[in-house]
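Containing mmCIF, C-alpha atoms; chains and numbers go by the auth columns: query_36.cif.
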```cif
data_data
#
loop_
_atom_site.group_PDB
_atom_site.id
_atom_site.type_symbol
_atom_site.label_atom_id
_atom_site.label_comp_id
_atom_site.label_asym_id
_atom_site.label_seq_id
_atom_site.Cartn_x
_atom_site.Cartn_y
_atom_site.Cartn_z
_atom_site.B_iso_or_equiv
_atom_site.auth_seq_id
_atom_site.auth_asym_id
ATOM 1 C CA GLN A 1 -12.125 -22.815 2.749 0.00 1005 A
ATOM 2 C CA VAL A 2 -8.508 -23.693 3.446 0.00 1006 A
ATOM 3 C CA GLN A 3 -7.040 -25.209 6.582 0.00 1007 A
ATOM 4 C CA LEU A 4 -3.343 -25.000 7.367 0.00 1008 A
ATOM 5 C CA VAL A 5 -1.876 -27.280 10.016 0.00 1009 A
ATOM 6 C CA GLU A 6 1.696 -26.836 11.204 0.00 1010 A
ATOM 7 C CA SER A 7 3.855 -29.458 12.867 0.00 1011 A
ATOM 8 C CA GLY A 8 7.473 -29.973 13.828 0.00 1012 A
ATOM 9 C CA GLY A 9 7.987 -27.361 16.521 0.00 1013 A
ATOM 10 C CA GLY A 10 9.674 -28.125 19.807 0.00 1014 A
ATOM 11 C CA LEU A 11 12.387 -27.335 22.318 0.00 1015 A
ATOM 12 C CA VAL A 12 15.969 -27.487 21.061 0.00 1016 A
ATOM 13 C CA GLN A 13 19.369 -26.133 22.005 0.00 1017 A
ATOM 14 C CA ALA A 14 21.230 -23.380 20.217 0.00 1018 A
ATOM 15 C CA GLY A 15 22.897 -24.757 17.103 0.00 1019 A
ATOM 16 C CA ASP A 16 20.357 -27.522 16.603 0.00 1020 A
ATOM 17 C CA SER A 17 17.993 -27.962 13.657 0.00 1021 A
ATOM 18 C CA LEU A 18 14.239 -28.325 13.255 0.00 1022 A
ATOM 19 C CA ARG A 19 12.001 -28.919 10.268 0.00 1023 A
ATOM 20 C CA LEU A 20 8.543 -27.403 10.270 0.00 1024 A
ATOM 21 C CA SER A 21 5.777 -28.725 8.036 0.00 1025 A
ATOM 22 C CA CYS A 22 2.554 -27.079 6.954 0.00 1026 A
ATOM 23 C CA ALA A 23 -0.161 -29.260 5.460 0.00 1027 A
ATOM 24 C CA ALA A 24 -2.911 -27.518 3.545 0.00 1028 A
ATOM 25 C CA SER A 25 -6.337 -29.016 3.046 0.00 1029 A
ATOM 26 C CA GLY A 26 -9.720 -27.883 1.830 0.00 1030 A
ATOM 27 C CA ARG A 27 -8.755 -26.986 -1.681 0.00 1031 A
ATOM 28 C CA THR A 28 -5.701 -26.963 -3.870 0.00 1032 A
ATOM 29 C CA LEU A 29 -3.734 -23.784 -3.448 0.00 1033 A
ATOM 30 C CA SER A 30 -2.870 -23.102 -7.045 0.00 1034 A
ATOM 31 C CA ASN A 31 -0.587 -20.266 -7.995 0.00 1035 A
ATOM 32 C CA VAL A 32 -0.277 -18.824 -4.518 0.00 1036 A
ATOM 33 C CA VAL A 33 2.727 -17.827 -2.509 0.00 1037 A
ATOM 34 C CA MET A 34 3.049 -19.726 0.739 0.00 1038 A
ATOM 35 C CA GLY A 35 5.354 -19.104 3.623 0.00 1039 A
ATOM 36 C CA TRP A 36 6.074 -18.644 7.291 0.00 1040 A
ATOM 37 C CA PHE A 37 5.784 -15.853 9.817 0.00 1041 A
ATOM 38 C CA ARG A 38 6.755 -15.847 13.478 0.00 1042 A
ATOM 39 C CA GLN A 39 5.821 -13.976 16.612 0.00 1043 A
ATOM 40 C CA ALA A 40 7.938 -13.833 19.726 0.00 1044 A
ATOM 41 C CA PRO A 41 6.487 -12.876 23.127 0.00 1045 A
ATOM 42 C CA GLY A 42 5.906 -9.145 23.350 0.00 1046 A
ATOM 43 C CA LYS A 43 6.821 -8.577 19.712 0.00 1047 A
ATOM 44 C CA GLU A 44 4.914 -8.075 16.500 0.00 1048 A
ATOM 45 C CA ARG A 45 4.540 -10.847 13.978 0.00 1049 A
ATOM 46 C CA GLU A 46 7.353 -10.826 11.436 0.00 1050 A
ATOM 47 C CA PHE A 47 7.965 -12.367 8.039 0.00 1051 A
ATOM 48 C CA VAL A 48 10.349 -15.327 7.937 0.00 1052 A
ATOM 49 C CA ALA A 49 10.253 -16.901 4.482 0.00 1053 A
ATOM 50 C CA ALA A 50 8.038 -17.380 1.434 0.00 1054 A
ATOM 51 C CA ILE A 51 8.062 -19.461 -1.724 0.00 1055 A
ATOM 52 C CA SER A 52 6.374 -19.103 -5.077 0.00 1056 A
ATOM 53 C CA TRP A 53 4.035 -21.721 -6.533 0.00 1057 A
ATOM 54 C CA SER A 54 6.765 -23.155 -8.753 0.00 1058 A
ATOM 55 C CA GLY A 55 9.289 -23.122 -5.963 0.00 1059 A
ATOM 56 C CA ARG A 56 11.771 -21.250 -8.125 0.00 1060 A
ATOM 57 C CA SER A 57 11.479 -18.022 -6.145 0.00 1061 A
ATOM 58 C CA GLN A 58 12.214 -17.921 -2.443 0.00 1062 A
ATOM 59 C CA TYR A 59 12.290 -14.973 -0.096 0.00 1063 A
ATOM 60 C CA TYR A 60 13.861 -14.746 3.337 0.00 1064 A
ATOM 61 C CA ALA A 61 14.130 -12.313 6.191 0.00 1065 A
ATOM 62 C CA GLU A 62 17.680 -11.081 6.638 0.00 1066 A
ATOM 63 C CA SER A 63 17.815 -12.612 10.099 0.00 1067 A
ATOM 64 C CA VAL A 64 17.363 -16.159 8.759 0.00 1068 A
ATOM 65 C CA LYS A 65 19.185 -16.043 5.415 0.00 1069 A
ATOM 66 C CA GLY A 66 21.748 -18.802 5.129 0.00 1070 A
ATOM 67 C CA ARG A 67 20.224 -20.742 8.030 0.00 1071 A
ATOM 68 C CA PHE A 68 16.617 -21.425 6.987 0.00 1072 A
ATOM 69 C CA THR A 69 15.407 -23.051 3.783 0.00 1073 A
ATOM 70 C CA ILE A 70 11.828 -23.064 2.545 0.00 1074 A
ATOM 71 C CA SER A 71 10.478 -25.662 0.141 0.00 1075 A
ATOM 72 C CA ARG A 72 7.126 -26.977 -1.028 0.00 1076 A
ATOM 73 C CA ASP A 73 5.554 -30.161 -2.324 0.00 1077 A
ATOM 74 C CA ASN A 74 2.567 -29.121 -4.416 0.00 1078 A
ATOM 75 C CA ALA A 75 1.464 -32.710 -5.023 0.00 1079 A
ATOM 76 C CA ASN A 76 0.884 -33.031 -1.293 0.00 1080 A
ATOM 77 C CA ASN A 77 -0.069 -29.396 -0.586 0.00 1081 A
ATOM 78 C CA THR A 78 2.748 -29.108 1.933 0.00 1082 A
ATOM 79 C CA VAL A 79 5.292 -26.419 2.707 0.00 1083 A
ATOM 80 C CA TYR A 80 8.419 -26.993 4.757 0.00 1084 A
ATOM 81 C CA LEU A 81 10.808 -24.794 6.692 0.00 1085 A
ATOM 82 C CA GLN A 82 14.194 -26.319 7.426 0.00 1086 A
ATOM 83 C CA MET A 83 15.809 -24.378 10.253 0.00 1087 A
ATOM 84 C CA ASN A 84 19.500 -24.900 10.922 0.00 1088 A
ATOM 85 C CA SER A 85 21.918 -23.272 13.363 0.00 1089 A
ATOM 86 C CA LEU A 86 19.038 -22.171 15.535 0.00 1090 A
ATOM 87 C CA LYS A 87 19.577 -19.278 17.922 0.00 1091 A
ATOM 88 C CA PRO A 88 17.708 -18.274 21.097 0.00 1092 A
ATOM 89 C CA GLU A 89 16.359 -15.261 19.214 0.00 1093 A
ATOM 90 C CA ASP A 90 14.563 -17.659 16.842 0.00 1094 A
ATOM 91 C CA THR A 91 12.244 -18.586 19.711 0.00 1095 A
ATOM 92 C CA ALA A 92 8.682 -17.794 18.625 0.00 1096 A
ATOM 93 C CA VAL A 93 5.380 -19.200 17.489 0.00 1097 A
ATOM 94 C CA TYR A 94 5.791 -20.018 13.808 0.00 1098 A
ATOM 95 C CA SER A 95 2.700 -19.742 11.640 0.00 1099 A
ATOM 96 C CA CYS A 96 2.157 -20.990 8.129 0.00 1100 A
ATOM 97 C CA ALA A 97 0.431 -18.681 5.680 0.00 1101 A
ATOM 98 C CA ALA A 98 -1.016 -19.062 2.197 0.00 1102 A
ATOM 99 C CA ASP A 99 -1.767 -16.557 -0.537 0.00 1103 A
ATOM 100 C CA ILE A 100 0.772 -14.121 0.844 0.00 1104 A
ATOM 101 C CA ARG A 101 0.819 -10.582 -0.534 0.00 1105 A
ATOM 102 C CA GLY A 102 3.423 -8.558 1.264 0.00 1106 A
ATOM 103 C CA VAL A 103 2.749 -9.013 4.963 0.00 1107 A
ATOM 104 C CA VAL A 104 -0.878 -9.984 4.416 0.00 1108 A
ATOM 105 C CA ALA A 105 -2.124 -13.506 3.834 0.00 1109 A
ATOM 106 C CA SER A 106 -5.530 -14.952 3.073 0.00 1110 A
ATOM 107 C CA TYR A 107 -5.073 -18.060 5.181 0.00 1111 A
ATOM 108 C CA TRP A 108 -3.239 -18.753 8.432 0.00 1112 A
ATOM 109 C CA GLY A 109 -2.389 -21.801 10.476 0.00 1113 A
ATOM 110 C CA GLN A 110 -2.735 -21.930 14.243 0.00 1114 A
ATOM 111 C CA GLY A 111 1.017 -21.879 14.814 0.00 1115 A
ATOM 112 C CA THR A 112 3.640 -24.144 16.318 0.00 1116 A
ATOM 113 C CA GLN A 113 5.994 -23.206 19.151 0.00 1117 A
ATOM 114 C CA VAL A 114 9.739 -23.215 18.577 0.00 1118 A
ATOM 115 C CA THR A 115 11.901 -22.691 21.646 0.00 1119 A
ATOM 116 C CA VAL A 116 15.679 -22.469 21.420 0.00 1120 A
ATOM 117 C CA SER A 117 17.620 -22.617 24.661 0.00 1121 A
ATOM 118 C CA SER A 118 21.093 -21.169 25.039 0.00 1122 A
#
```

Using structure tokens, write down the structure that the file contains.
Amino acid sequence: QVQLVESGGGLVQAGDSLRLSCAASGRTLSNVVMGWFRQAPGKEREFVAAISWSGRSQYYAESVKGRFTISRDNANNTVYLQMNSLKPEDTAVYSCAADIRGVVASYWGQGTQVTVSS
């Protein structure tokens, strides 16, 4: 069993930055893609970013390219999402996911709220 715990969410103003962290425990997540999804009120969950096991391959939604950066520390089973130039439309609950295949993942965190005021 794998547990994913997110942290780092909060209330910020447009243009500010936040760094989300996702700590995995339970077992080592070897050779799996990890990443982030988000869900805004009244909307479906959407893909934000993902990263390969080696970290060499990264994938981003068009809406966050150039503003968000995903990274991982395999020694500590942690994935990060650096979010810069935040916009009100980035407001959502951000969830960490592991073993991502397309829009499906085997493991999910409980989510952390990010609110961006204008």

task: Please write as a list of chain:residue names the list of polymer residues whose atoms come within 8 Å of (7.1, -14.4, 23.6), counting only C-alpha atoms and keeping to the coordinates of the file.
output: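 Taken together, the residues in range are A:Gln1043, A:Ala1044, A:Pro1045, A:Gly1046, A:Lys1047, A:Thr1095, A:Ala1096, A:Val1097.
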
message: Env of Ser1122 of chain A: 9 Å cut, atoms = only C-alpha atoms, seq-sep filter 6 positions within chain, self excluded. Answer as a VMD selection string.
response: chain A and resid 1017 to 1019 1091 to 1092

Best match for closeness to Asp1094 of chain A among A:Gly1113, A:Gly1030, A:Gly1059, A:Gly1014, counting all atoms listed in the file: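 Ranking A:Gly1113, A:Gly1030, A:Gly1059, A:Gly1014 by distance to Asp1094 of chain A, first place goes to A:Gly1014.
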
- request: Apply the PyMOL selection byres ((chain A and resi 1049-1055) around 10) to the displayed file and report the matching residues as a ChimeraX atom specification.
  value: /A:1036-1048,1056-1069,1072-1076,1083-1085,1096-1102,1104,1106-1108

task: For each of A:Val1118, A:Trp1112, A:Arg1105, A:Leu1022, take the minimum atom-to-atom distance to Gln1007 of chain A, counting all atoms listed in the file, then give the residue where this is smallest.
output: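 The closest residue to Gln1007 of chain A is A:Trp1112.
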
- prompt: From the set A:Ser1089, A:Thr1119, A:Asn1078, A:Gln1114, which residue has the shortest atom-to-atom contact distance to Glu1010 of chain A, counting all atoms listed in the file?
  reply: A:Gln1114

Between atom CA of Ser1021 of chain A and atom CA of Thr1116 of chain A, distance in Å (one decimal):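 A separation of 15.1 Å between them.
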
message: One number please: atom CA of Gln1086 of chain A to atom CA of Val1016 of chain A, in Å, one decimal.
response: 13.8 Å

message: I'd like the residues picked by the PyMOL selection byres ((chain A and resi 1081) around 8) written out as a ChimeraX atom specification, using the chain letters and numbers from the file.
response: /A:1027-1029,1032-1033,1076-1080,1082-1083

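For the pair atom CA of Leu1024 of chain A and atom CA of Arg1071 of chain A, the interatomic distance is 13.6 Å.
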
message: Which residue is closest to Tyr1111 of chain A? Choose from A:Leu1015, A:Cys1026, A:Leu1008, A:Met1087 and count all atoms listed in the file.
response: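 Among the listed residues, A:Leu1008 lies closest to Tyr1111 of chain A.
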
With 8 Å added on each side, what axis-aligned box encloses every listed atom of segment 1082-1087 of chain A? Give the centre and edge lengths in Å to one decimal, as JSON.
```
{"center_x": 9.3, "center_y": -26.7, "center_z": 6.1, "size_x": 29.1, "size_y": 20.7, "size_z": 24.3}
```

Could you model all heavy atoms for segment 1079-1090 of chain A and present them as a tab-separated table (two decimals), in the coordinates of the input?
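out.tsv written:
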```
chain	number	residue	atom	x	y	z
A	1079	ALA	N	2.26	-31.48	-4.87
A	1079	ALA	CA	1.46	-32.71	-5.02
A	1079	ALA	C	0.78	-33.08	-3.71
A	1079	ALA	O	-0.31	-33.66	-3.70
A	1079	ALA	CB	2.35	-33.85	-5.50
A	1080	ASN	N	1.43	-32.72	-2.61
A	1080	ASN	CA	0.88	-33.03	-1.29
A	1080	ASN	C	0.44	-31.79	-0.52
A	1080	ASN	O	0.15	-31.87	0.67
A	1080	ASN	CB	1.92	-33.80	-0.47
A	1080	ASN	CG	2.16	-35.18	-1.03
A	1080	ASN	OD1	1.25	-35.99	-1.14
A	1080	ASN	ND2	3.41	-35.45	-1.41
A	1081	ASN	N	0.40	-30.64	-1.22
A	1081	ASN	CA	-0.07	-29.40	-0.59
A	1081	ASN	C	0.66	-29.13	0.73
A	1081	ASN	O	0.02	-28.81	1.75
A	1081	ASN	CB	-1.58	-29.45	-0.34
A	1081	ASN	CG	-2.37	-28.84	-1.47
A	1081	ASN	OD1	-1.81	-28.34	-2.45
A	1081	ASN	ND2	-3.67	-28.91	-1.36
A	1082	THR	N	1.96	-29.27	0.70
A	1082	THR	CA	2.75	-29.11	1.93
A	1082	THR	C	3.90	-28.15	1.71
A	1082	THR	O	4.55	-28.19	0.66
A	1082	THR	CB	3.28	-30.46	2.43
A	1082	THR	OG1	2.18	-31.35	2.61
A	1082	THR	CG2	4.02	-30.31	3.74
A	1083	VAL	N	4.15	-27.34	2.71
A	1083	VAL	CA	5.29	-26.42	2.71
A	1083	VAL	C	6.17	-26.75	3.91
A	1083	VAL	O	5.66	-27.08	4.99
A	1083	VAL	CB	4.83	-24.95	2.79
A	1083	VAL	CG1	6.03	-24.01	2.89
A	1083	VAL	CG2	4.01	-24.59	1.58
A	1084	TYR	N	7.47	-26.65	3.70
A	1084	TYR	CA	8.42	-26.99	4.76
A	1084	TYR	C	9.31	-25.79	5.07
A	1084	TYR	O	9.57	-24.95	4.20
A	1084	TYR	CB	9.30	-28.15	4.33
A	1084	TYR	CG	8.55	-29.39	3.93
A	1084	TYR	CD1	8.28	-29.66	2.59
A	1084	TYR	CD2	8.09	-30.29	4.89
A	1084	TYR	CE1	7.58	-30.79	2.22
A	1084	TYR	CE2	7.40	-31.43	4.53
A	1084	TYR	CZ	7.14	-31.67	3.20
A	1084	TYR	OH	6.44	-32.79	2.84
A	1085	LEU	N	9.80	-25.77	6.30
A	1085	LEU	CA	10.81	-24.79	6.69
A	1085	LEU	C	11.90	-25.53	7.44
A	1085	LEU	O	11.69	-25.97	8.57
A	1085	LEU	CB	10.22	-23.69	7.56
A	1085	LEU	CG	11.19	-22.55	7.91
A	1085	LEU	CD1	11.55	-21.75	6.66
A	1085	LEU	CD2	10.60	-21.63	8.98
A	1086	GLN	N	13.04	-25.70	6.78
A	1086	GLN	CA	14.19	-26.32	7.43
A	1086	GLN	C	14.98	-25.23	8.14
A	1086	GLN	O	15.42	-24.27	7.50
A	1086	GLN	CB	15.07	-27.01	6.38
A	1086	GLN	CG	16.33	-27.64	6.95
A	1086	GLN	CD	16.06	-28.80	7.87
A	1086	GLN	OE1	15.22	-29.65	7.57
A	1086	GLN	NE2	16.76	-28.87	8.99
A	1087	MET	N	15.14	-25.39	9.44
A	1087	MET	CA	15.81	-24.38	10.25
A	1087	MET	C	17.08	-24.97	10.84
A	1087	MET	O	17.02	-25.92	11.64
A	1087	MET	CB	14.88	-23.89	11.36
A	1087	MET	CG	13.53	-23.39	10.86
A	1087	MET	SD	12.52	-22.66	12.15
A	1087	MET	CE	12.19	-24.10	13.16
A	1088	ASN	N	18.20	-24.44	10.43
A	1088	ASN	CA	19.50	-24.90	10.92
A	1088	ASN	C	20.16	-23.82	11.75
A	1088	ASN	O	19.80	-22.65	11.67
A	1088	ASN	CB	20.40	-25.28	9.76
A	1088	ASN	CG	19.85	-26.41	8.93
A	1088	ASN	OD1	19.15	-27.29	9.44
A	1088	ASN	ND2	20.16	-26.41	7.64
A	1089	SER	N	21.15	-24.22	12.54
A	1089	SER	CA	21.92	-23.27	13.36
A	1089	SER	C	20.99	-22.35	14.15
A	1089	SER	O	21.15	-21.13	14.16
A	1089	SER	CB	22.85	-22.43	12.47
A	1089	SER	OG	23.73	-23.26	11.75
A	1090	LEU	N	20.04	-22.95	14.81
A	1090	LEU	CA	19.04	-22.17	15.54
A	1090	LEU	C	19.67	-21.37	16.67
A	1090	LEU	O	20.64	-21.81	17.30
A	1090	LEU	CB	17.94	-23.08	16.07
A	1090	LEU	CG	16.93	-23.53	15.01
A	1090	LEU	CD1	16.16	-24.76	15.47
A	1090	LEU	CD2	15.98	-22.39	14.68
```
